[in-house]
$ cat target.csv   # CSV, C-alpha atoms and all ligand atoms
chain,number,residue,atom,x,y,z
Y,1,MET,CA,9.6,21.6,33.8
Y,2,GLN,CA,8.7,22.3,30.1
Y,3,LYS,CA,8.1,19.1,28.2
Y,4,ARG,CA,10.1,18.5,25.0
Y,5,ILE,CA,8.9,17.5,21.5
Y,6,THR,CA,11.0,16.0,18.8
Y,7,ALA,CA,9.5,17.0,15.4
Y,8,PHE,CA,10.5,15.9,11.9
Y,9,ARG,CA,9.2,16.5,8.4
Y,10,ARG,CA,6.0,17.9,7.1
Y,11,LEU,CA,5.4,20.7,9.6
Y,12,GLY,CA,4.8,24.3,8.6
Y,13,GLN,CA,6.1,27.4,10.5
Y,14,HIS,CA,2.7,28.0,12.0
Y,15,HIS,CA,2.6,24.4,13.4
Y,16,LEU,CA,6.0,24.8,14.9
Y,17,GLU,CA,4.9,28.1,16.5
Y,18,GLN,CA,1.9,26.4,18.1
Y,19,LEU,CA,4.0,23.7,19.5
Y,20,SER,CA,6.7,26.1,20.8
Y,21,GLU,CA,4.1,28.1,22.8
Y,22,HIS,CA,3.8,25.1,25.1
Y,23,PHE,CA,6.9,22.9,24.6
Y,24,HIS,CA,10.6,23.0,23.8
Y,25,VAL,CA,10.8,21.8,20.2
Y,26,ASP,CA,13.7,20.2,18.4
Y,27,TYR,CA,12.9,20.2,14.7
Y,28,PHE,CA,14.5,18.0,12.0
Y,29,PRO,CA,12.9,19.1,8.7
Y,30,GLU,CA,15.3,17.1,6.5
Y,31,LEU,CA,15.7,14.0,8.6
Y,32,ASP,CA,16.6,11.1,6.4
Y,33,SER,CA,17.4,8.4,8.9
Y,34,ALA,CA,16.4,7.5,12.4
Y,35,ASP,CA,20.1,7.0,13.1
Y,36,ASP,CA,20.9,10.7,12.8
Y,37,PRO,CA,22.9,11.4,16.0
Y,38,ALA,CA,21.3,14.8,16.7
Y,39,PHE,CA,17.8,13.3,16.3
Y,40,ARG,CA,18.7,10.4,18.6
Y,41,GLU,CA,20.0,12.8,21.2
Y,42,ALA,CA,16.8,14.9,21.1
Y,43,LEU,CA,14.7,11.8,21.3
Y,44,ARG,CA,16.4,10.7,24.5
Y,45,GLU,CA,14.9,13.8,26.2
Y,46,ALA,CA,11.6,13.9,24.3
Y,47,HIS,CA,8.1,13.5,25.8
Y,48,GLY,CA,6.5,13.8,22.4
Y,49,LEU,CA,7.4,12.8,18.8
Y,50,ILE,CA,5.6,14.2,15.8
Y,51,GLY,CA,6.3,13.6,12.1
Y,52,ALA,CA,5.8,11.3,9.1
Y,53,SER,CA,7.3,8.5,7.1
Y,54,LEU,CA,9.9,7.2,9.6
Y,55,ARG,CA,10.0,3.6,10.7
Y,56,ILE,CA,9.9,3.5,14.5
Y,57,THR,CA,11.4,0.4,16.0
Y,58,PRO,CA,11.4,-1.0,19.6
Y,59,GLU,CA,15.2,-0.3,19.7
Y,60,LEU,CA,14.5,3.3,18.9
Y,61,LEU,CA,12.0,3.4,21.7
Y,62,ASP,CA,14.6,2.0,24.1
Y,63,ASP,CA,16.5,5.3,23.5
Y,64,ALA,CA,13.4,7.4,24.3
Y,65,PRO,CA,12.7,6.7,27.9
Y,66,ASN,CA,10.5,9.7,28.5
Y,67,LEU,CA,8.3,9.3,25.5
Y,68,GLU,CA,4.6,9.7,26.3
Y,69,ALA,CA,3.0,10.1,22.9
Y,70,ILE,CA,3.7,9.9,19.1
Y,71,ALA,CA,1.6,11.9,16.7
Y,72,SER,CA,2.0,10.5,13.2
Y,73,ILE,CA,1.1,12.8,10.2
Y,74,SER,CA,-0.5,9.9,8.4
Y,75,VAL,CA,-3.6,7.7,8.7
Y,76,GLY,CA,-1.6,4.5,8.2
Y,77,VAL,CA,0.3,3.3,11.2
Y,78,ASP,CA,2.3,0.5,9.6
Y,79,ASN,CA,5.5,2.3,10.5
Y,80,TYR,CA,4.9,1.9,14.2
Y,81,PRO,CA,5.2,-1.1,16.5
Y,82,VAL,CA,1.7,-0.6,17.9
Y,83,ASP,CA,1.7,-3.4,20.4
Y,84,GLU,CA,5.1,-2.4,21.7
Y,85,LEU,CA,3.9,1.2,22.1
Y,86,THR,CA,0.9,0.0,24.0
Y,87,ARG,CA,3.0,-2.2,26.2
Y,88,ARG,CA,5.1,0.9,27.1
Y,89,ASP,CA,2.0,3.1,27.6
Y,90,ILE,CA,3.0,5.4,24.8
Y,91,LEU,CA,0.0,6.9,23.0
Y,92,LEU,CA,-0.1,6.6,19.2
Y,93,CYS,CA,-2.2,9.2,17.3
Y,94,ASN,CA,-2.9,9.3,13.6
Y,95,THR,CA,-4.8,11.6,11.2
Y,96,PRO,CA,-7.9,9.9,9.8
Y,97,ASP,CA,-10.9,11.9,8.3
Y,98,VAL,CA,-9.0,14.9,7.1
Y,99,LEU,CA,-7.4,13.0,4.2
Y,100,THR,CA,-10.3,10.8,3.2
Y,101,GLU,CA,-11.6,12.8,0.3
Y,102,THR,CA,-8.2,13.8,-1.1
Y,103,THR,CA,-7.0,10.2,-1.0
Y,104,ALA,CA,-10.2,9.1,-2.7
Y,105,ASP,CA,-9.6,11.7,-5.4
Y,106,THR,CA,-6.2,10.2,-6.0
Y,107,GLY,CA,-7.7,6.7,-6.3
Y,108,PHE,CA,-10.3,7.9,-8.7
Y,109,SER,CA,-7.8,9.7,-10.8
Y,110,LEU,CA,-5.8,6.4,-11.1
Y,111,ILE,CA,-9.0,4.7,-12.2
Y,112,MET,CA,-9.6,7.3,-14.9
Y,113,ALA,CA,-6.0,7.7,-16.0
Y,114,SER,CA,-5.5,3.9,-16.3
Y,115,ALA,CA,-8.8,3.2,-18.1
Y,116,ARG,CA,-8.5,6.2,-20.5
Y,117,ARG,CA,-4.7,5.8,-20.8
Y,118,VAL,CA,-4.2,9.5,-20.0
Y,119,VAL,CA,-0.5,9.4,-19.1
Y,120,GLU,CA,0.5,7.1,-22.0
Y,121,LEU,CA,-1.5,9.2,-24.6
Y,122,ALA,CA,-0.3,12.5,-23.2
Y,123,ASP,CA,3.2,11.2,-23.7
Y,124,PHE,CA,2.3,10.2,-27.2
Y,125,VAL,CA,1.3,13.8,-28.0
Y,126,LYS,CA,4.4,15.2,-26.3
Y,127,ARG,CA,6.6,13.0,-28.4
Y,128,GLY,CA,5.0,14.4,-31.6
Y,129,ASP,CA,3.4,11.0,-32.5
Y,130,TRP,CA,-0.1,12.4,-33.0
Y,131,THR,CA,0.1,12.7,-36.7
Y,132,GLU,CA,-3.4,11.4,-37.6
Y,133,SER,CA,-6.7,10.6,-35.9
Y,134,VAL,CA,-6.3,8.0,-33.2
Y,135,GLY,CA,-7.6,4.5,-33.9
Y,136,PRO,CA,-8.3,1.3,-31.9
Y,137,ALA,CA,-4.7,1.0,-30.9
Y,138,GLN,CA,-5.1,4.1,-28.7
Y,139,PHE,CA,-8.6,3.4,-27.4
Y,140,GLY,CA,-9.2,3.0,-23.7
Y,141,SER,CA,-12.1,1.5,-21.8
Y,142,ASP,CA,-15.2,3.1,-20.2
Y,143,VAL,CA,-15.3,3.8,-16.6
Y,144,HIS,CA,-19.0,4.8,-16.3
Y,145,GLY,CA,-21.4,1.9,-15.8
Y,146,LYS,CA,-18.6,-0.6,-15.0
Y,147,THR,CA,-18.2,-2.7,-11.9
Y,148,LEU,CA,-16.0,-1.3,-9.2
Y,149,GLY,CA,-14.6,-3.8,-6.7
Y,150,MET,CA,-13.4,-2.2,-3.5
Y,151,VAL,CA,-11.1,-4.4,-1.4
Y,152,GLY,CA,-11.4,-2.7,2.0
Y,153,PHE,CA,-14.4,-0.5,2.7
Y,154,GLY,CA,-13.4,1.9,5.4
Y,155,ARG,CA,-13.6,5.7,5.1
Y,156,ILE,CA,-11.3,6.0,2.0
Y,157,GLY,CA,-12.8,2.9,0.3
Y,158,ALA,CA,-16.3,4.3,0.8
Y,159,ALA,CA,-15.3,7.7,-0.6
Y,160,VAL,CA,-13.8,6.1,-3.7
Y,161,ALA,CA,-17.0,4.0,-4.1
Y,162,ARG,CA,-19.2,7.1,-3.6
Y,163,ARG,CA,-17.4,8.7,-6.6
Y,164,GLY,CA,-17.9,5.6,-8.7
Y,165,ALA,CA,-21.6,5.0,-7.8
Y,166,LEU,CA,-22.9,8.6,-7.7
Y,167,GLY,CA,-20.6,10.2,-10.3
Y,168,PHE,CA,-20.1,7.4,-12.8
Y,169,GLY,CA,-23.1,5.1,-12.3
Y,170,MET,CA,-20.8,2.2,-11.4
Y,171,LYS,CA,-22.0,-0.9,-9.7
Y,172,VAL,CA,-20.1,-1.2,-6.4
Y,173,LEU,CA,-18.9,-4.5,-4.9
Y,174,TYR,CA,-16.9,-4.7,-1.7
Y,175,SER,CA,-15.0,-7.2,0.3
Y,176,ASN,CA,-14.5,-6.2,3.9
Y,177,ALA,CA,-14.2,-8.0,7.3
Y,178,SER,CA,-17.6,-6.6,8.4
Y,179,PRO,CA,-20.7,-5.8,6.4
Y,180,LYS,CA,-21.5,-2.2,5.7
Y,181,PRO,CA,-25.3,-2.0,5.6
Y,182,ASP,CA,-25.4,1.9,5.6
Y,183,LEU,CA,-23.2,2.0,2.5
Y,184,GLU,CA,-25.2,-0.8,0.9
Y,185,ARG,CA,-28.3,1.4,1.3
Y,186,GLU,CA,-26.5,4.6,0.2
Y,187,LEU,CA,-24.6,3.3,-2.8
Y,188,GLY,CA,-26.3,0.0,-3.7
Y,189,ALA,CA,-23.0,-1.6,-2.8
Y,190,GLN,CA,-23.0,-5.4,-2.6
Y,191,ARG,CA,-20.7,-7.5,-0.4
Y,192,ARG,CA,-18.8,-10.3,-2.0
Y,193,GLU,CA,-16.3,-12.9,-0.9
Y,194,PHE,CA,-12.8,-11.7,-1.9
Y,195,ASP,CA,-12.4,-14.3,-4.7
Y,196,GLU,CA,-15.9,-13.5,-6.2
Y,197,LEU,CA,-15.1,-9.8,-6.2
Y,198,LEU,CA,-11.9,-10.4,-8.1
Y,199,ALA,CA,-13.7,-12.4,-10.8
Y,200,GLU,CA,-16.6,-9.9,-11.2
Y,201,ALA,CA,-15.0,-6.5,-11.0
Y,202,ASP,CA,-13.8,-4.4,-13.9
Y,203,PHE,CA,-11.8,-2.2,-11.5
Y,204,VAL,CA,-10.3,-3.7,-8.4
Y,205,CYS,CA,-9.3,-0.9,-6.0
Y,206,VAL,CA,-7.4,-1.6,-2.8
Y,207,THR,CA,-7.8,0.5,0.4
Y,208,VAL,CA,-7.0,-2.0,3.2
Y,209,PRO,CA,-4.5,-1.1,5.9
Y,210,LEU,CA,-1.2,-3.0,5.9
Y,211,THR,CA,-1.3,-5.8,8.5
Y,212,ALA,CA,0.1,-9.3,8.8
Y,213,GLU,CA,-3.2,-10.5,7.2
Y,214,THR,CA,-3.1,-8.1,4.3
Y,215,THR,CA,0.6,-8.5,3.4
Y,216,HIS,CA,0.8,-10.1,0.0
Y,217,LEU,CA,-3.0,-10.3,-0.2
Y,218,PHE,CA,-2.6,-10.0,-3.9
Y,219,GLY,CA,-0.3,-12.6,-5.6
Y,220,ALA,CA,-0.3,-14.7,-8.8
Y,221,GLU,CA,-3.5,-16.6,-7.8
Y,222,GLN,CA,-5.5,-13.4,-7.2
Y,223,PHE,CA,-4.4,-11.8,-10.5
Y,224,ALA,CA,-5.3,-15.0,-12.3
Y,225,ARG,CA,-8.8,-14.8,-10.9
Y,226,MET,CA,-9.3,-11.3,-12.3
Y,227,LYS,CA,-10.7,-10.6,-15.8
Y,228,SER,CA,-8.1,-10.0,-18.5
Y,229,SER,CA,-9.8,-6.6,-19.1
Y,230,ALA,CA,-9.5,-5.7,-15.4
Y,231,ILE,CA,-7.7,-2.7,-14.0
Y,232,PHE,CA,-5.9,-2.9,-10.7
Y,233,VAL,CA,-5.6,0.2,-8.5
Y,234,ASN,CA,-3.6,0.4,-5.3
Y,235,ILE,CA,-3.8,3.4,-3.0
Y,236,ALA,CA,-3.2,1.4,0.2
Y,237,ARG,CA,0.3,0.1,0.7
Y,238,GLY,CA,2.7,-1.6,-1.7
Y,239,GLN,CA,3.3,-4.6,0.6
Y,240,VAL,CA,-0.3,-5.6,0.1
Y,241,VAL,CA,0.8,-6.8,-3.3
Y,242,ASP,CA,3.4,-9.4,-4.4
Y,243,GLU,CA,5.0,-6.9,-6.8
Y,244,PRO,CA,6.8,-9.5,-9.1
Y,245,ALA,CA,3.4,-11.3,-9.5
Y,246,LEU,CA,1.7,-8.0,-10.4
Y,247,ILE,CA,4.5,-7.2,-13.0
Y,248,ASP,CA,4.0,-10.7,-14.4
Y,249,ALA,CA,0.3,-10.3,-14.7
Y,250,LEU,CA,0.7,-7.0,-16.4
Y,251,GLU,CA,3.3,-8.3,-18.8
Y,252,THR,CA,1.4,-11.4,-19.8
Y,253,GLY,CA,-1.9,-9.7,-20.2
Y,254,GLU,CA,-3.5,-11.5,-17.3
Y,255,ILE,CA,-4.9,-8.1,-16.3
Y,256,ARG,CA,-5.0,-5.1,-18.5
Y,257,ALA,CA,-3.5,-2.3,-16.5
Y,258,ALA,CA,-2.6,-0.9,-13.1
Y,259,GLY,CA,-2.8,2.5,-11.4
Y,260,LEU,CA,-0.4,2.5,-8.5
Y,261,ASP,CA,0.3,5.1,-5.8
Y,262,VAL,CA,2.2,2.8,-3.5
Y,263,PHE,CA,5.0,0.3,-4.0
Y,264,ALA,CA,6.8,-2.4,-2.1
Y,265,LYS,CA,9.8,-0.2,-1.8
Y,266,GLU,CA,9.5,3.6,-1.8
Y,267,PRO,CA,10.8,5.7,-3.5
Y,268,LEU,CA,10.7,3.2,-6.4
Y,269,PRO,CA,14.1,1.6,-7.1
Y,270,ALA,CA,15.6,2.8,-10.4
Y,271,ASP,CA,15.5,-0.7,-11.8
Y,272,SER,CA,11.8,-1.3,-11.2
Y,273,PRO,CA,10.1,-2.0,-14.6
Y,274,LEU,CA,6.8,-0.6,-13.4
Y,275,PRO,CA,7.2,3.1,-14.4
Y,276,ARG,CA,8.3,2.1,-17.9
Y,277,MET,CA,5.4,-0.2,-18.6
Y,278,ALA,CA,2.8,1.4,-21.0
Y,279,ASN,CA,-0.1,-0.1,-19.0
Y,280,VAL,CA,1.0,1.2,-15.7
Y,281,VAL,CA,0.3,4.7,-14.2
Y,282,ALA,CA,2.8,5.1,-11.3
Y,283,LEU,CA,2.5,7.9,-8.9
Y,284,PRO,CA,5.0,8.8,-6.1
Y,285,HIS,CA,2.7,8.0,-3.1
Y,286,ILE,CA,0.6,11.2,-3.4
Y,287,GLY,CA,-2.6,9.9,-1.9
Y,288,SER,CA,-3.0,12.8,0.6
Y,289,ALA,CA,-0.5,15.1,-1.0
Y,290,THR,CA,-2.3,18.4,-1.6
Y,291,VAL,CA,-1.5,21.7,0.1
Y,292,GLU,CA,-4.8,21.8,2.0
Y,293,THR,CA,-4.8,18.2,3.1
Y,294,ARG,CA,-1.2,18.0,4.2
Y,295,ASP,CA,-1.7,21.1,6.2
Y,296,ALA,CA,-4.9,19.7,7.8
Y,297,MET,CA,-3.0,16.5,8.6
Y,298,ALA,CA,-0.2,18.3,10.2
Y,299,GLN,CA,-2.7,20.4,12.2
Y,300,ARG,CA,-4.4,17.3,13.4
Y,301,ALA,CA,-1.1,15.8,14.5
Y,302,VAL,CA,-0.3,19.1,16.4
Y,303,ASP,CA,-3.7,19.0,18.1
Y,304,ASN,CA,-3.2,15.4,19.0
Y,305,ILE,CA,0.2,15.9,20.6
Y,306,LEU,CA,-0.8,19.1,22.4
Y,307,ARG,CA,-3.7,17.2,23.9
Y,308,ALA,CA,-1.8,14.1,24.7
Y,309,LEU,CA,1.0,15.9,26.5
Y,310,SER,CA,-1.5,18.0,28.5
Y,311,GLY,CA,-3.3,14.9,29.8
Y,312,GLU,CA,-6.3,15.3,27.4
Y,313,ARG,CA,-7.5,12.5,25.2
Y,314,PRO,CA,-6.1,13.0,21.7
Y,315,ILE,CA,-8.7,13.5,18.9
Y,316,SER,CA,-7.5,10.4,17.0
Y,317,LEU,CA,-6.0,7.8,19.1
Y,318,VAL,CA,-4.9,4.4,17.7
Y,319,ASN,CA,-4.2,2.5,21.0
Y,320,ASP,CA,-7.0,3.1,23.5
Y,321,GLU,CA,-5.4,0.7,25.9
Y,322,ALA,CA,-2.4,2.9,26.4
Y,323,TRP,CA,-4.7,5.8,27.2
Y,324,THR,CA,-6.7,3.7,29.7
Y,325,SER,CA,-3.5,2.5,31.3
Y,326,ARG,CA,-2.1,6.0,31.6
Y,327,GLN,CA,-5.3,7.2,33.3
Y,328,GLY,CA,-5.1,4.4,35.9
R,1,LIG,C1,-1.2,7.9,5.1
R,1,LIG,O1,-1.6,8.9,5.7
R,1,LIG,O2,-1.1,6.8,5.6
R,1,LIG,C2,-0.8,8.1,3.6
R,1,LIG,O3,-0.4,7.0,3.0
R,1,LIG,C3,0.2,9.2,3.5
R,1,LIG,O4,1.4,8.8,4.1
$ encode --input "target.csv" --output "structure tokens"
Amino acid sequence: MQKRITAFRRLGQHHLEQLSEHFHVDYFPELDSADDPAFREALREAHGLIGASLRITPELLDDAPNLEAIASISVGVDNYPVDELTRRDILLCNTPDVLTETTADTGFSLIMASARRVVELADFVKRGDWTESVGPAQFGSDVHGKTLGMVGFGRIGAAVARRGALGFGMKVLYSNASPKPDLERELGAQRREFDELLAEADFVCVTVPLTAETTHLFGAEQFARMKSSAIFVNIARGQVVDEPALIDALETGEIRAAGLDVFAKEPLPADSPLPRMANVVALPHIGSATVETRDAMAQRAVDNILRALSGERPISLVNDEAWTSRQG
């Protein structure tokens, strides 16, 4: 019997063709809710699920009794109940590596845009307000030679730090669960306690995964520890930040500016003040959103699901335990 895949969002025709060579594929390109009846019906028969940006709940899994593997087109797996998947021996695969450099580019563009007020001043020109040479009211702050504090120092954090240290002569500090001696040697990076990093850094850039421990890692207390000239950059997940506390810190001048690719609720609610604040650069979660990288992520997810459903270990597997259990 041919196995079945339920696919949704972010797959190109060439990816669908690869999947269809081996499996029956039900594709939902415009899926906007997991409650879609046709999607739920397909899921009931599915052995594999592939797609992005959909919250998968244990209740949804109850309706997918044949599911063997999920290939997420993302590196973050905060949309998935990982322990529950493992308990059910369902493999969960993600797409690390292929998006590292692109996401770091996004992070660095937020550092640059916030420090040099690129968006705000481009709007100033567009409005026709550039009628004389700019003065101190339009000045930004330097990036080169400043101190970059990385909160989270995995692949993406290291790639942002590499840009800062090697391209902009920045001093790199990091706070991370484990020390990174290789990166300390490569970039001269220095490990700090979280609170010390907040007090010392000119730029605080967040790249931690969203977990129970990192939810609201940044609140009023953390913003109060930062320099009043500090710029806060978040390319991780919005829930890492207590957003009202961030808005307050930006409004009161407790910190100078923020570059944000991620928000507590996405898309940003229309009544959020963040996009209207002059000292905020807000992007629509574009960390990995380039043509090349989104294609590479989808390809990785396709390779993962092809392998998983053929009994081969996927390239990037999140829950090893489920694999071990399926082998036994
Ligand atoms: C990821 O891969 O986790 C990025 O945030 C894009 O969704």
$ residues_near_ligand --input "target.csv" --ligand "ligand LIG 1 (chain R)" --cutoff "7 Å" --atoms "only C-alpha atoms and all ligand atoms" --output "list of chain:residue names"
Y:Ser53, Y:Ile73, Y:Ser74, Y:Val75, Y:Gly76, Y:Val77, Y:Thr95, Y:Ala236, Y:His285, Y:Gly287, Y:Ser288
$ residues_around --input "target.csv" --residues "range 248-254 of chain Y" --least-positions-apart "3" --cutoff "12 Å" --atoms "all atoms listed in the file" --output "PDB file with C-alpha atoms, in the frame of the given file"
ATOM      1  CA  PHE Y 218      -2.600 -10.000  -3.900  1.00  0.00           C
ATOM      2  CA  GLY Y 219      -0.300 -12.600  -5.600  1.00  0.00           C
ATOM      3  CA  ALA Y 220      -0.300 -14.700  -8.800  1.00  0.00           C
ATOM      4  CA  GLU Y 221      -3.500 -16.600  -7.800  1.00  0.00           C
ATOM      5  CA  GLN Y 222      -5.500 -13.400  -7.200  1.00  0.00           C
ATOM      6  CA  PHE Y 223      -4.400 -11.800 -10.500  1.00  0.00           C
ATOM      7  CA  ALA Y 224      -5.300 -15.000 -12.300  1.00  0.00           C
ATOM      8  CA  ARG Y 225      -8.800 -14.800 -10.900  1.00  0.00           C
ATOM      9  CA  MET Y 226      -9.300 -11.300 -12.300  1.00  0.00           C
ATOM     10  CA  LYS Y 227     -10.700 -10.600 -15.800  1.00  0.00           C
ATOM     11  CA  SER Y 228      -8.100 -10.000 -18.500  1.00  0.00           C
ATOM     12  CA  SER Y 229      -9.800  -6.600 -19.100  1.00  0.00           C
ATOM     13  CA  ALA Y 230      -9.500  -5.700 -15.400  1.00  0.00           C
ATOM     14  CA  ILE Y 231      -7.700  -2.700 -14.000  1.00  0.00           C
ATOM     15  CA  PHE Y 232      -5.900  -2.900 -10.700  1.00  0.00           C
ATOM     16  CA  VAL Y 241       0.800  -6.800  -3.300  1.00  0.00           C
ATOM     17  CA  ASP Y 242       3.400  -9.400  -4.400  1.00  0.00           C
ATOM     18  CA  GLU Y 243       5.000  -6.900  -6.800  1.00  0.00           C
ATOM     19  CA  PRO Y 244       6.800  -9.500  -9.100  1.00  0.00           C
ATOM     20  CA  ALA Y 245       3.400 -11.300  -9.500  1.00  0.00           C
ATOM     21  CA  ALA Y 257      -3.500  -2.300 -16.500  1.00  0.00           C
ATOM     22  CA  ALA Y 258      -2.600  -0.900 -13.100  1.00  0.00           C
ATOM     23  CA  GLY Y 259      -2.800   2.500 -11.400  1.00  0.00           C
ATOM     24  CA  PRO Y 273      10.100  -2.000 -14.600  1.00  0.00           C
ATOM     25  CA  LEU Y 274       6.800  -0.600 -13.400  1.00  0.00           C
ATOM     26  CA  ARG Y 276       8.300   2.100 -17.900  1.00  0.00           C
ATOM     27  CA  MET Y 277       5.400  -0.200 -18.600  1.00  0.00           C
ATOM     28  CA  ALA Y 278       2.800   1.400 -21.000  1.00  0.00           C
ATOM     29  CA  ASN Y 279      -0.100  -0.100 -19.000  1.00  0.00           C
ATOM     30  CA  VAL Y 280       1.000   1.200 -15.700  1.00  0.00           C
ATOM     31  CA  VAL Y 281       0.300   4.700 -14.200  1.00  0.00           C
TER      32      VAL Y 281
END
$ atom_distance --input "target.csv" --atom1 "CA of Ile235 in chain Y" --atom2 "CA of Cys205 in chain Y"
7.6 Å
$ residues_near_point --input "target.csv" --point "(17.8, 6.1, 8.8)" --cutoff "9 Å" --atoms "all atoms listed in the file" --output "number ranges by chain"
Y: 31-36, 54-55
$ write_last_selection --input "target.csv" --atoms "C-alpha atoms" --output "tab-separated table (two decimals), in the frame of the given file"
chain	number	residue	atom	x	y	z
Y	31	LEU	CA	15.70	14.00	8.60
Y	32	ASP	CA	16.60	11.10	6.40
Y	33	SER	CA	17.40	8.40	8.90
Y	34	ALA	CA	16.40	7.50	12.40
Y	35	ASP	CA	20.10	7.00	13.10
Y	36	ASP	CA	20.90	10.70	12.80
Y	54	LEU	CA	9.90	7.20	9.60
Y	55	ARG	CA	10.00	3.60	10.70
$ atom_distance --input "target.csv" --atom1 "CA of Val204 in chain Y" --atom2 "CA of Thr102 in chain Y"
19.1 Å
$ atom_distance --input "target.csv" --atom1 "CA of Val208 in chain Y" --atom2 "CA of Gly152 in chain Y"
4.6 Å
$ residues_around --input "target.csv" --residues "range 17-26 of chain Y" --least-positions-apart "6" --cutoff "9 Å" --atoms "only C-alpha atoms" --output "PyMOL selection string"
chain Y and resi 2-8+39+42-43+46+302+305-306
$ closest_residue --input "target.csv" --among "Y:Gly48, Y:Pro58, Y:Pro181, Y:Gly167" --to "Pro81 in chain Y" --atoms "only C-alpha atoms"
Y:Pro58
$ decode --input "target.csv" --residues "range 44-49 of chain Y" --atoms "all heavy atoms" --output "PDB file, in the first residue's frame"
ATOM      1  N   ARG Y  44      -6.265  12.049   8.884  1.00  0.00           N
ATOM      2  CA  ARG Y  44      -6.702  10.757   9.458  1.00  0.00           C
ATOM      3  C   ARG Y  44      -6.033   9.576   8.765  1.00  0.00           C
ATOM      4  O   ARG Y  44      -5.801   8.543   9.367  1.00  0.00           O
ATOM      5  CB  ARG Y  44      -8.226  10.628   9.368  1.00  0.00           C
ATOM      6  CG  ARG Y  44      -8.903  10.938  10.694  1.00  0.00           C
ATOM      7  CD  ARG Y  44     -10.380  10.572  10.686  1.00  0.00           C
ATOM      8  NE  ARG Y  44     -11.159  11.508   9.888  1.00  0.00           N
ATOM      9  CZ  ARG Y  44     -11.515  12.707  10.317  1.00  0.00           C
ATOM     10  NH1 ARG Y  44     -11.163  13.122  11.515  1.00  0.00           N
ATOM     11  NH2 ARG Y  44     -12.214  13.506   9.550  1.00  0.00           N
ATOM     12  N   GLU Y  45      -5.698   9.764   7.486  1.00  0.00           N
ATOM     13  CA  GLU Y  45      -5.093   8.668   6.713  1.00  0.00           C
ATOM     14  C   GLU Y  45      -3.568   8.811   6.610  1.00  0.00           C
ATOM     15  O   GLU Y  45      -2.900   7.925   6.087  1.00  0.00           O
ATOM     16  CB  GLU Y  45      -5.643   8.686   5.266  1.00  0.00           C
ATOM     17  CG  GLU Y  45      -7.154   8.665   5.144  1.00  0.00           C
ATOM     18  CD  GLU Y  45      -7.725   7.349   5.646  1.00  0.00           C
ATOM     19  OE1 GLU Y  45      -7.086   6.305   5.416  1.00  0.00           O
ATOM     20  OE2 GLU Y  45      -8.788   7.386   6.297  1.00  0.00           O
ATOM     21  N   ALA Y  46      -3.029   9.977   7.051  1.00  0.00           N
ATOM     22  CA  ALA Y  46      -1.632  10.315   6.704  1.00  0.00           C
ATOM     23  C   ALA Y  46      -0.605   9.524   7.513  1.00  0.00           C
ATOM     24  O   ALA Y  46      -0.771   9.309   8.714  1.00  0.00           O
ATOM     25  CB  ALA Y  46      -1.418  11.805   6.914  1.00  0.00           C
ATOM     26  N   HIS Y  47       0.482   9.155   6.802  1.00  0.00           N
ATOM     27  CA  HIS Y  47       1.643   8.566   7.483  1.00  0.00           C
ATOM     28  C   HIS Y  47       2.692   9.642   7.748  1.00  0.00           C
ATOM     29  O   HIS Y  47       3.517   9.518   8.638  1.00  0.00           O
ATOM     30  CB  HIS Y  47       2.253   7.460   6.618  1.00  0.00           C
ATOM     31  CG  HIS Y  47       1.290   6.358   6.323  1.00  0.00           C
ATOM     32  ND1 HIS Y  47       0.464   6.369   5.213  1.00  0.00           N
ATOM     33  CD2 HIS Y  47       0.997   5.232   7.016  1.00  0.00           C
ATOM     34  CE1 HIS Y  47      -0.292   5.275   5.231  1.00  0.00           C
ATOM     35  NE2 HIS Y  47       0.003   4.574   6.316  1.00  0.00           N
ATOM     36  N   GLY Y  48       2.651  10.694   6.912  1.00  0.00           N
ATOM     37  CA  GLY Y  48       3.616  11.792   7.065  1.00  0.00           C
ATOM     38  C   GLY Y  48       2.921  13.126   6.965  1.00  0.00           C
ATOM     39  O   GLY Y  48       1.901  13.271   6.276  1.00  0.00           O
ATOM     40  N   LEU Y  49       3.487  14.117   7.678  1.00  0.00           N
ATOM     41  CA  LEU Y  49       2.950  15.477   7.644  1.00  0.00           C
ATOM     42  C   LEU Y  49       4.125  16.399   7.372  1.00  0.00           C
ATOM     43  O   LEU Y  49       5.178  16.277   8.015  1.00  0.00           O
ATOM     44  CB  LEU Y  49       2.315  15.791   9.007  1.00  0.00           C
ATOM     45  CG  LEU Y  49       1.687  17.167   9.214  1.00  0.00           C
ATOM     46  CD1 LEU Y  49       0.478  17.360   8.298  1.00  0.00           C
ATOM     47  CD2 LEU Y  49       1.238  17.315  10.680  1.00  0.00           C
TER      48      LEU Y  49
END
